[in-house]
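Source file final_35.cif; content: mmCIF, C-alpha atoms (C1' of nucleotides).
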```
data_structure
#
loop_
_atom_site.label_atom_id
_atom_site.label_comp_id
_atom_site.auth_asym_id
_atom_site.auth_seq_id
_atom_site.Cartn_x
_atom_site.Cartn_y
_atom_site.Cartn_z
CA MET L 6 17.46 -6.95 53.29
CA ALA L 7 16.92 -5.32 49.95
CA LYS L 8 19.91 -5.27 47.67
CA ILE L 9 20.84 -1.65 47.15
CA GLN L 10 23.91 -0.62 45.27
CA SER L 11 26.14 1.84 47.04
CA LYS L 12 26.62 4.55 44.47
CA LYS L 13 23.90 7.15 44.08
CA ASN L 14 21.36 4.76 45.54
CA SER L 15 20.82 3.15 42.16
CA THR L 16 20.90 -0.42 41.02
CA LYS L 17 23.73 -1.47 38.75
CA LYS L 18 21.06 -2.05 36.15
CA GLU L 19 20.05 1.58 36.44
CA ILE L 20 23.65 2.66 36.11
CA ILE L 21 24.03 0.58 32.98
CA ILE L 22 20.90 2.08 31.48
CA GLU L 23 22.05 5.58 32.28
CA LYS L 24 25.50 5.09 30.78
CA ALA L 25 24.00 3.37 27.77
CA ALA L 26 21.62 6.28 27.29
CA GLY L 27 24.56 8.62 26.97
CA LEU L 28 26.04 6.48 24.26
CA PHE L 29 22.76 5.86 22.43
CA LYS L 30 22.24 9.60 22.26
CA GLU L 31 25.79 10.28 21.15
CA LYS L 32 26.31 7.55 18.59
CA GLY L 33 22.87 6.08 18.03
CA TYR L 34 21.57 2.73 19.22
CA GLY L 35 23.11 0.74 16.40
CA ALA L 36 26.53 2.29 16.61
CA ALA L 37 26.83 1.99 20.38
CA SER L 38 28.13 -1.49 21.08
CA MET L 39 27.83 -3.54 24.23
CA ARG L 40 31.60 -3.24 24.55
CA ASP L 41 31.29 0.56 24.43
CA ILE L 42 28.69 0.47 27.16
CA ALA L 43 30.75 -1.94 29.24
CA GLU L 44 33.76 0.33 29.02
CA THR L 45 31.93 3.40 30.30
CA VAL L 46 30.47 1.31 33.10
CA GLY L 47 33.96 0.03 33.89
CA VAL L 48 33.40 -3.65 33.28
CA GLU L 49 33.72 -6.32 30.60
CA ALA L 50 30.94 -6.67 28.05
CA ALA L 51 29.91 -10.12 29.20
CA SER L 52 29.46 -8.91 32.76
CA LEU L 53 26.61 -6.66 31.70
CA TYR L 54 24.51 -9.75 31.25
CA ASN L 55 24.45 -10.33 34.99
CA HIS L 56 22.16 -7.31 35.19
CA ILE L 57 20.34 -7.03 31.91
CA GLN L 58 19.02 -9.58 29.48
CA SER L 59 19.85 -7.96 26.18
CA LYS L 60 20.83 -4.73 24.50
CA ALA L 61 17.26 -4.26 23.36
CA GLU L 62 16.04 -4.40 26.95
CA ILE L 63 17.97 -1.21 27.66
CA LEU L 64 16.22 0.54 24.81
CA GLN L 65 12.85 -0.72 25.97
CA ALA L 66 13.45 0.54 29.48
CA ILE L 67 14.29 4.00 28.19
CA CYS L 68 11.48 4.30 25.66
CA PHE L 69 8.73 3.11 27.98
CA LYS L 70 9.94 5.13 30.94
CA VAL L 71 9.56 8.27 28.85
CA ALA L 72 6.25 7.21 27.35
CA ASN L 73 4.78 6.44 30.76
CA GLU L 74 5.89 9.74 32.16
CA PHE L 75 4.21 11.68 29.35
CA ILE L 76 1.04 9.66 29.67
CA SER L 77 0.74 10.21 33.39
CA HIS L 78 1.23 13.94 32.94
CA LEU L 79 -1.47 13.96 30.29
CA GLU L 80 -3.88 12.12 32.57
CA GLU L 81 -3.37 14.73 35.22
CA VAL L 82 -4.20 17.49 32.74
CA GLU L 83 -7.24 15.64 31.47
CA ARG L 84 -8.56 15.30 35.01
CA ASN L 85 -8.61 19.00 35.83
CA SER L 86 -11.08 21.40 34.23
CA GLU L 87 -9.14 24.39 33.01
CA PRO L 88 -9.75 26.06 29.65
CA THR L 89 -8.41 24.05 26.74
CA LEU L 90 -5.81 26.67 25.90
CA LYS L 91 -4.42 26.45 29.41
CA LYS L 92 -4.40 22.68 29.16
CA MET L 93 -2.35 22.84 26.00
CA GLU L 94 0.04 25.31 27.54
CA THR L 95 0.62 22.96 30.46
CA ILE L 96 1.26 20.06 28.13
CA ILE L 97 3.63 22.10 26.01
CA ARG L 98 5.54 23.16 29.09
CA VAL L 99 5.76 19.59 30.32
CA HIS L 100 7.21 18.53 27.00
CA ILE L 101 9.69 21.37 26.92
CA ARG L 102 10.85 20.69 30.46
CA MET L 103 11.23 16.99 29.81
CA MET L 104 13.31 17.93 26.81
CA LEU L 105 15.44 20.18 29.00
CA GLU L 106 15.76 17.97 32.06
CA GLN L 107 15.69 14.47 30.68
CA TYR L 108 17.11 15.26 27.31
CA GLU L 109 18.96 12.00 26.70
CA TYR L 110 16.03 9.75 27.50
CA VAL L 111 13.53 11.80 25.54
CA TYR L 112 15.86 12.05 22.59
CA ILE L 113 16.34 8.31 22.47
CA SER L 114 12.65 7.66 22.83
CA ASP L 115 12.06 10.07 19.95
CA HIS L 116 14.72 8.80 17.60
CA GLU L 117 15.65 5.22 18.35
CA TRP L 118 12.28 3.58 18.93
CA ARG L 119 12.54 2.00 15.51
CA HIS L 120 15.07 -0.46 16.86
CA LEU L 121 12.66 -1.83 19.43
CA PRO L 122 11.99 -5.51 18.80
CA GLU L 123 8.44 -6.74 18.45
CA PRO L 124 6.10 -6.83 20.22
CA TYR L 125 7.42 -3.76 22.00
CA LEU L 126 7.59 -1.78 18.81
CA SER L 127 3.89 -2.15 18.07
CA ASN L 128 3.11 -1.46 21.66
CA PHE L 129 5.12 1.72 21.64
CA LEU L 130 3.55 2.96 18.44
CA ASN L 131 0.06 2.27 19.72
CA GLN L 132 0.73 4.27 22.85
CA ARG L 133 2.10 7.09 20.75
CA ARG L 134 -0.87 7.16 18.45
CA SER L 135 -3.29 7.14 21.34
CA TYR L 136 -1.39 9.92 23.07
CA ARG L 137 -1.56 12.15 20.03
CA LYS L 138 -5.21 11.37 19.55
CA ARG L 139 -5.92 12.55 23.08
CA LEU L 140 -4.03 15.77 22.45
CA SER L 141 -5.96 16.43 19.27
CA ASP L 142 -9.19 15.81 21.17
CA ILE L 143 -8.29 18.65 23.50
CA ILE L 144 -7.66 20.93 20.55
CA GLU L 145 -10.87 19.90 18.87
CA GLU L 146 -12.71 20.78 22.06
CA GLY L 147 -10.92 24.12 22.13
CA ILE L 148 -12.10 24.90 18.62
CA ASN L 149 -15.67 23.90 19.38
CA LYS L 150 -15.68 26.05 22.50
CA ASN L 151 -14.34 28.94 20.44
CA GLU L 152 -11.20 29.13 22.55
CA MET L 153 -8.91 28.32 19.65
CA LYS L 154 -8.72 29.27 16.03
CA ASN L 155 -9.96 26.80 13.49
CA ILE L 156 -7.01 24.58 12.72
CA GLU L 157 -6.80 20.92 11.81
CA PRO L 158 -6.21 19.36 15.24
CA TYR L 159 -3.99 16.63 13.83
CA VAL L 160 -1.75 19.16 12.13
CA ALA L 161 -1.60 21.31 15.25
CA VAL L 162 -0.50 18.35 17.36
CA LEU L 163 2.10 17.37 14.82
CA THR L 164 3.42 20.91 14.70
CA ILE L 165 3.60 21.29 18.46
CA LEU L 166 5.27 17.99 19.21
CA SER L 167 7.77 18.28 16.40
CA ALA L 168 8.65 21.84 17.27
CA ILE L 169 9.44 20.81 20.82
CA SER L 170 11.49 17.83 19.79
CA GLY L 171 13.66 20.29 17.88
CA ILE L 172 15.03 21.45 21.21
CA GLU L 173 17.40 18.59 20.61
CA SER L 174 19.27 20.86 18.27
CA TRP L 175 19.50 23.55 20.95
CA GLN L 176 20.87 20.97 23.38
CA ARG L 177 23.62 20.13 20.94
CA SER L 178 24.51 23.77 20.39
CA ARG L 179 26.62 26.26 22.26
CA LYS L 180 23.51 27.53 24.00
CA SER L 181 23.82 31.26 23.58
CA THR L 182 20.08 31.27 24.30
CA SER L 183 19.12 30.38 27.88
CA ALA L 184 16.73 27.59 28.73
CA GLU L 185 14.26 30.10 30.17
CA THR L 186 14.27 32.22 27.02
CA LEU L 187 13.83 29.11 24.96
CA GLU L 188 10.84 27.89 26.93
CA ALA L 189 9.17 31.30 27.16
CA ASN L 190 9.49 32.04 23.46
CA MET L 191 8.51 28.62 22.23
CA VAL L 192 5.42 28.60 24.42
CA LYS L 193 4.58 32.08 23.18
CA TYR L 194 4.94 31.06 19.55
CA LEU L 195 2.98 27.83 19.85
CA ILE L 196 0.18 29.24 21.99
CA GLU L 197 -0.24 32.48 20.05
CA GLY L 198 -0.58 30.46 16.87
CA LEU L 199 -3.35 28.49 18.50
CA LYS L 200 -5.23 31.32 20.17
CA LYS L 201 -8.38 32.66 18.57
CA MET E 24 29.18 9.51 -26.89
CA ALA E 25 28.25 10.00 -23.29
CA LYS E 26 27.57 6.87 -21.31
CA ILE E 27 23.92 6.99 -20.36
CA GLN E 28 22.17 4.13 -18.63
CA SER E 29 18.99 3.01 -20.29
CA LYS E 30 16.53 3.01 -17.40
CA LYS E 31 14.92 6.29 -16.47
CA ASN E 32 17.81 8.20 -18.00
CA SER E 33 19.86 7.87 -14.84
CA THR E 34 23.37 6.68 -14.18
CA LYS E 35 23.79 3.44 -12.32
CA LYS E 36 25.33 5.51 -9.58
CA GLU E 37 22.12 7.49 -9.31
CA ILE E 38 20.11 4.30 -9.18
CA ILE E 39 22.28 2.99 -6.36
CA ILE E 40 21.87 6.21 -4.42
CA GLU E 41 18.13 6.16 -4.88
CA LYS E 42 17.76 2.56 -3.77
CA ALA E 43 20.12 3.17 -0.87
CA ALA E 44 18.05 6.17 0.17
CA GLY E 45 15.01 3.95 0.50
CA LEU E 46 16.90 1.62 2.79
CA PHE E 47 18.56 4.39 4.82
CA LYS E 48 15.16 5.87 5.50
CA GLU E 49 13.61 2.52 6.36
CA LYS E 50 16.33 0.98 8.52
CA GLY E 51 18.74 3.79 9.21
CA TYR E 52 22.21 4.29 7.74
CA GLY E 53 23.95 1.94 10.13
CA ALA E 54 21.48 -0.89 9.81
CA ALA E 55 21.34 -0.81 6.02
CA SER E 56 24.23 -2.90 4.78
CA MET E 57 25.97 -2.80 1.44
CA ARG E 58 24.60 -6.29 0.82
CA ASP E 59 21.08 -4.96 1.45
CA ILE E 60 21.64 -2.19 -1.03
CA ALA E 61 23.16 -4.55 -3.56
CA GLU E 62 20.15 -6.85 -3.34
CA THR E 63 17.63 -4.11 -4.08
CA VAL E 64 19.78 -2.93 -6.97
CA GLY E 65 19.96 -6.51 -8.22
CA VAL E 66 23.67 -7.05 -8.03
CA GLU E 67 26.37 -8.39 -5.71
CA ALA E 68 27.75 -6.14 -3.00
CA ALA E 69 31.22 -5.97 -4.48
CA SER E 70 29.85 -4.75 -7.80
CA LEU E 71 28.60 -1.56 -6.22
CA TYR E 72 32.20 -0.43 -5.94
CA ASN E 73 32.43 -0.04 -9.69
CA HIS E 74 30.13 2.94 -9.34
CA ILE E 75 30.70 4.35 -5.89
CA GLN E 76 33.74 4.62 -3.70
CA SER E 77 32.26 3.87 -0.30
CA LYS E 78 29.05 3.60 1.66
CA ALA E 79 29.71 7.01 3.16
CA GLU E 80 29.85 8.56 -0.30
CA ILE E 81 26.20 7.66 -0.79
CA LEU E 82 25.28 9.46 2.40
CA GLN E 83 27.33 12.49 1.40
CA ALA E 84 25.63 12.67 -1.97
CA ILE E 85 22.21 12.66 -0.35
CA CYS E 86 22.95 15.11 2.45
CA PHE E 87 24.64 17.70 0.26
CA LYS E 88 22.11 17.45 -2.53
CA VAL E 89 19.40 18.40 -0.03
CA ALA E 90 21.49 21.10 1.61
CA ASN E 91 22.34 22.71 -1.72
CA GLU E 92 18.73 22.71 -2.80
CA PHE E 93 17.62 24.50 0.36
CA ILE E 94 20.41 27.02 0.09
CA SER E 95 19.64 27.91 -3.49
CA HIS E 96 15.97 28.40 -2.63
CA LEU E 97 16.98 30.66 0.22
CA GLU E 98 19.20 32.73 -2.02
CA GLU E 99 16.32 33.27 -4.37
CA VAL E 100 14.15 34.51 -1.52
CA GLU E 101 16.89 36.77 -0.22
CA ARG E 102 17.28 38.36 -3.63
CA ASN E 103 13.68 39.52 -3.97
CA SER E 104 12.23 42.34 -1.90
CA GLU E 105 8.94 41.16 -0.50
CA PRO E 106 7.85 41.79 3.08
CA THR E 107 9.65 39.61 5.58
CA LEU E 108 6.49 37.73 6.50
CA LYS E 109 5.98 36.79 2.87
CA LYS E 110 9.59 35.69 2.66
CA MET E 111 9.16 33.41 5.61
CA GLU E 112 5.98 31.98 4.17
CA THR E 113 7.78 31.14 0.97
CA ILE E 114 10.58 29.46 2.85
CA ILE E 115 8.15 27.50 4.98
CA ARG E 116 6.32 26.34 1.88
CA VAL E 117 9.55 25.30 0.22
CA HIS E 118 10.45 23.22 3.24
CA ILE E 119 7.05 21.61 3.44
CA ARG E 120 7.05 20.74 -0.25
CA MET E 121 10.54 19.30 -0.09
CA MET E 122 9.31 17.20 2.78
CA LEU E 123 6.37 16.04 0.71
CA GLU E 124 8.09 15.51 -2.62
CA GLN E 125 11.59 14.46 -1.66
CA TYR E 126 10.73 12.91 1.64
CA GLU E 127 13.38 10.18 1.68
CA TYR E 128 16.28 12.47 0.88
CA VAL E 129 15.21 15.19 3.29
CA TYR E 130 14.58 12.68 6.03
CA ILE E 131 18.04 11.18 5.64
CA SER E 132 19.67 14.57 5.55
CA ASP E 133 17.80 15.46 8.74
CA HIS E 134 18.48 12.26 10.67
CA GLU E 135 21.56 10.51 9.39
CA TRP E 136 24.04 13.37 8.93
CA ARG E 137 25.78 12.28 12.10
CA HIS E 138 27.30 9.35 10.24
CA LEU E 139 29.05 11.60 7.75
CA PRO E 140 32.81 11.16 7.96
CA GLU E 141 35.00 14.16 8.48
CA PRO E 142 35.58 16.60 6.96
CA TYR E 143 32.12 16.37 5.43
CA LEU E 144 30.49 16.36 8.82
CA SER E 145 31.95 19.72 9.84
CA ASN E 146 31.17 21.09 6.45
CA PHE E 147 27.58 20.01 6.67
CA LEU E 148 27.14 21.46 10.14
CA ASN E 149 28.66 24.76 9.09
CA GLN E 150 26.27 25.03 6.19
CA ARG E 151 23.39 24.23 8.50
CA ARG E 152 24.38 26.82 11.04
CA SER E 153 24.82 29.48 8.41
CA TYR E 154 21.46 28.61 6.85
CA ARG E 155 19.67 29.00 10.16
CA LYS E 156 21.48 32.23 10.85
CA ARG E 157 20.24 33.66 7.58
CA LEU E 158 16.69 32.65 8.44
CA SER E 159 16.91 34.29 11.82
CA ASP E 160 18.24 37.44 10.16
CA ILE E 161 15.06 37.63 8.13
CA ILE E 162 12.96 37.28 11.26
CA GLU E 163 15.01 39.86 13.08
CA GLU E 164 14.41 42.25 10.22
CA GLY E 165 10.72 41.45 10.38
CA ILE E 166 10.61 42.35 14.05
CA ASN E 167 12.52 45.58 13.51
CA LYS E 168 10.17 46.58 10.69
CA ASN E 169 7.22 45.82 12.95
CA GLU E 170 5.95 43.14 10.59
CA MET E 171 6.35 40.40 13.15
CA LYS E 172 5.72 40.02 16.85
CA ASN E 173 8.66 40.23 19.17
CA ILE E 174 10.02 36.71 19.37
CA GLU E 175 13.56 35.40 19.81
CA PRO E 176 14.56 34.84 16.18
CA TYR E 177 16.66 31.80 17.05
CA VAL E 178 13.75 30.15 18.83
CA ALA E 179 11.38 30.97 15.99
CA VAL E 180 13.69 29.38 13.44
CA LEU E 181 14.12 26.31 15.60
CA THR E 182 10.38 26.00 16.02
CA ILE E 183 9.63 26.38 12.35
CA LEU E 184 12.23 23.99 11.05
CA SER E 185 11.50 21.33 13.64
CA ALA E 186 7.77 21.58 13.12
CA ILE E 187 8.21 20.97 9.43
CA SER E 188 10.56 18.07 9.89
CA GLY E 189 7.78 16.44 11.88
CA ILE E 190 5.98 15.85 8.61
CA GLU E 191 8.09 12.74 8.63
CA SER E 192 5.60 11.29 11.05
CA TRP E 193 2.73 12.12 8.71
CA GLN E 194 4.59 10.41 5.88
CA ARG E 195 4.83 7.26 7.93
CA SER E 196 1.16 7.33 8.86
CA ARG E 197 -1.99 6.21 7.11
CA LYS E 198 -2.49 9.75 5.81
CA SER E 199 -6.09 10.42 6.66
CA THR E 200 -5.10 14.08 6.27
CA SER E 201 -4.32 15.18 2.72
CA ALA E 202 -1.05 16.82 1.75
CA GLU E 203 -2.88 20.02 0.86
CA THR E 204 -4.62 20.22 4.23
CA LEU E 205 -1.35 19.54 5.93
CA GLU E 206 0.49 22.30 4.10
CA ALA E 207 -2.30 24.85 4.45
CA ASN E 208 -2.77 24.31 8.16
CA MET E 209 0.87 24.14 9.06
CA VAL E 210 1.58 27.36 7.17
CA LYS E 211 -1.38 28.96 8.90
CA TYR E 212 -0.18 27.90 12.33
CA LEU E 213 3.42 28.92 11.81
CA ILE E 214 2.68 32.25 10.12
CA GLU E 215 -0.11 33.31 12.47
CA GLY E 216 2.19 32.68 15.39
CA LEU E 217 4.72 34.98 13.81
CA LYS E 218 2.40 37.76 12.67
CA LYS E 219 2.18 40.95 14.71
"C1'" DT A 1 35.86 -10.15 -35.77
"C1'" DT A 2 39.10 -8.34 -32.59
"C1'" DC A 3 40.39 -5.27 -29.06
"C1'" DT A 4 39.33 -2.71 -25.01
"C1'" DA A 5 37.07 -1.11 -21.32
"C1'" DA A 6 33.25 -1.43 -18.29
"C1'" DT A 7 30.90 -4.19 -15.17
"C1'" DC A 8 29.89 -8.29 -13.20
"C1'" DC A 9 31.07 -12.36 -10.21
"C1'" DT A 10 33.21 -15.36 -6.43
"C1'" DA A 11 36.20 -15.50 -2.52
"C1'" DA A 12 38.26 -13.71 0.90
"C1'" DC A 13 40.20 -10.18 4.22
"C1'" DA A 14 40.23 -8.32 8.82
"C1'" DC A 15 37.19 -6.73 12.09
"C1'" DT A 16 33.07 -5.97 14.85
"C1'" DT A 17 28.64 -7.45 16.53
"C1'" DG A 18 25.50 -9.47 20.56
"C1'" DT A 19 25.60 -13.19 23.32
"C1'" DT A 20 26.80 -17.72 25.90
"C1'" DA A 21 29.73 -21.07 28.69
"C1'" DG A 22 32.59 -21.94 32.19
"C1'" DT A 23 35.56 -20.36 35.73
"C1'" DT A 24 37.29 -17.38 39.21
"C1'" DT A 25 36.87 -13.60 42.28
"C1'" DT A 26 34.28 -10.83 45.57
"C1'" DC A 27 30.80 -9.98 48.87
"C1'" DT A 28 27.18 -11.38 52.34
"C1'" DT A 29 25.45 -14.24 55.64
"C1'" DT A 30 25.74 -17.86 58.89
"C1'" DA I 28 36.10 -19.31 59.13
"C1'" DA I 29 33.02 -21.66 56.06
"C1'" DA I 30 29.33 -21.64 52.83
"C1'" DG I 31 26.59 -19.68 49.29
"C1'" DA I 32 25.26 -16.24 46.26
"C1'" DA I 33 26.32 -12.47 43.19
"C1'" DA I 34 29.07 -10.56 39.89
"C1'" DA I 35 33.24 -10.30 37.68
"C1'" DC I 36 36.53 -12.42 34.30
"C1'" DT I 37 38.45 -14.92 29.89
"C1'" DA I 38 37.43 -17.20 25.78
"C1'" DA I 39 34.82 -18.25 22.26
"C1'" DC I 40 30.68 -18.64 19.07
"C1'" DA I 41 28.30 -17.65 14.75
"C1'" DA I 42 26.95 -14.08 12.09
"C1'" DG I 43 27.48 -9.79 9.82
"C1'" DT I 44 30.37 -5.52 8.54
"C1'" DG I 45 32.71 -2.62 4.58
"C1'" DT I 46 35.95 -3.42 1.35
"C1'" DT I 47 39.62 -5.50 -1.90
"C1'" DA I 48 41.77 -8.83 -5.32
"C1'" DG I 49 41.51 -11.28 -9.34
"C1'" DG I 50 39.23 -13.44 -12.79
"C1'" DA I 51 35.08 -14.02 -15.93
"C1'" DT I 52 31.63 -11.95 -18.78
"C1'" DT I 53 29.57 -8.60 -21.42
"C1'" DA I 54 29.07 -4.56 -24.37
"C1'" DG I 55 30.72 -0.95 -27.57
"C1'" DA I 56 34.24 0.74 -30.90
"C1'" DA I 57 37.56 -0.31 -34.40
#
```
Write the structure described by the file as structure tokens, please.
Amino acid sequence: MAKIQSKKNSTKKEIIIEKAAGLFKEKGYGAASMRDIAETVGVEAASLYNHIQSKAEILQAICFKVANEFISHLEEVERNSEPTLKKMETIIRVHIRMMLEQYEYVYISDHEWRHLPEPYLSNFLNQRRSYRKRLSDIIEEGINKNEMKNIEPYVAVLTILSAISGIESWQRSRKSTSAETLEANMVKYLIEGLKK
Amino acid sequence: MAKIQSKKNSTKKEIIIEKAAGLFKEKGYGAASMRDIAETVGVEAASLYNHIQSKAEILQAICFKVANEFISHLEEVERNSEPTLKKMETIIRVHIRMMLEQYEYVYISDHEWRHLPEPYLSNFLNQRRSYRKRLSDIIEEGINKNEMKNIEPYVAVLTILSAISGIESWQRSRKSTSAETLEANMVKYLIEGLKK
DNA sequence: TTCTAATCCTAACACTTGTTAGTTTTCTTT
DNA sequence: AAAGAAAACTAACAAGTGTTAGGATTAGAA
């Protein structure tokens, strides 16, 4: 019989990762200690090592989970044959929604990847570079097909991804703007700036 | 006679801050130790305390130097009476150039402010909030005067500032795109998306 | 040169870090 | 109930943290 933890149908390892994510987001990877994590899990620090192998493994799990999710969404978009502008809108919406719904994980993947130990660090950066290259290929196609205005694809990708990652600051705020307003307006801004 | 350090006409304190900035950017505030800083300055860790009072003081100096610079640029823009779109372009260019020319300081101010001790932390966040409010006031005026398209000012400000802070990723890269291309295209993207 | 102040050094402090060893408790299965 | 596995505990480790004390060395002013 498979070993399934009672609570929320998740492994203890998954619980640890989730609690750790909260702390990594709040205090940063370096400032969140194993003893901090243990306390929020409700256990002694040493006991964590029955479920994980190291602190870095937690970070890896988070960063690569996010990366894989983005990549699989991108592959789906690449497979269909909509206009390039529509493709970019879909991608932008995916990013915004990930930022809204899986904020902690995405934030950590965005900001704490530097603490990944090798060879995971190089791996992560390669994936990232390749992902951005594929986005800029879509934009380049859009320009060639006269669906988008003539903008350096690399700069457009940088602008889009960075703009979205700024939702972090909205998440931290008192949120007088609703999530729907945020998504609608950011999509509008980023797509209008791209449109021919 | 005033005590002026020989090298580069800067105080030893300024040298320490500059060297520390390099390390904060590279490894993060938490991971850069006083002994690391001391080594790059060419001195023992304890000797740093003849010139600074604490590690946190270095971070404060950096964060508030950047904040003050942005605020004084904004005040200059607010004083003149150009069209709102032109005002925003100026502000965007100021931000991009700061990101290009004072990359380390701006990066730290953007990413490591969370480690500021109170009451500096609250102070910093208040300044930040007020700065963004003043930007969104300009955009709101632009919309009312029909110089800009109807976009949530808060979201526009968030998008603009975040997009620019993404230049960090360009700085880290192999820079196959020139600084001029970067600035021109990012301004184009962000202003076109704002224009009516 | 002598005095003084600035700046360096070594040593140590109290504490925190991630992690391991070894033991005991708890749960699952027979 | 007995046996075995899984997961908790306590205790400790070696290393690293920011910072202070106190003494040595250097530089500038008299």
Explicit residue set for the PyMOL selection byres ((chain L and resi 22) around 12), as a VMD selection string: chain L and resid 15 to 21 23 to 30 39 42 to 43 45 to 46 53 56 to 68 70 109 to 110 113
Excluding region 46-54 of chain I and any residue of its chain fewer than 5 positions from it, enumerate the residues within 9 Å of it, using only C-alpha atoms (C1' of nucleotides), and give them as a ChimeraX atom specification. /E:69,72,77 /A:6-10,12-13
Can you spell out as an NGL selection string the set of residues that the PyMOL selection byres ((chain E) within 6 of (chain L)) selects in the structure I just provided? :E and (182 or 185-186 or 189 or 212 or 215-216)
Which residues, named as in the file, does the PyMOL selection byres ((chain E) within 8 of (chain A)) pick out? Answer as number ranges by chain. E: 67, 70, 73
If the cut-off is 8 Å, can you tell me the residues of chain I near chain L, counting all atoms listed in the file? I'd like them as an NGL selection string. :I and (34-36)
Could you take the residues named above and write them with C-alpha atoms (C1' of nucleotides), as a tab-separated table (two decimals), in the coordinates of the input?
```tsv
chain	number	residue	atom	x	y	z
I	34	DA	C1'	29.07	-10.56	39.89
I	35	DA	C1'	33.24	-10.30	37.68
I	36	DC	C1'	36.53	-12.42	34.30
```
So how far away is CA of Ile94 (chain E) from CA of Tyr154 (chain E), in Å? 7.0 Å
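Computed from the coordinates, the CA of Ala50 (chain L) to C1' of DC40 (chain I) distance equals 15.0 Å.
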Distance in Å - CA of Asn131 (chain L) versus CA of Ala55 (chain E): 25.5 Å
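Comparing L:Val192, L:Asn151, L:Arg133, L:Asn73 by their smallest distance to Met93 (chain L), the closest is L:Val192 (using only C-alpha atoms).
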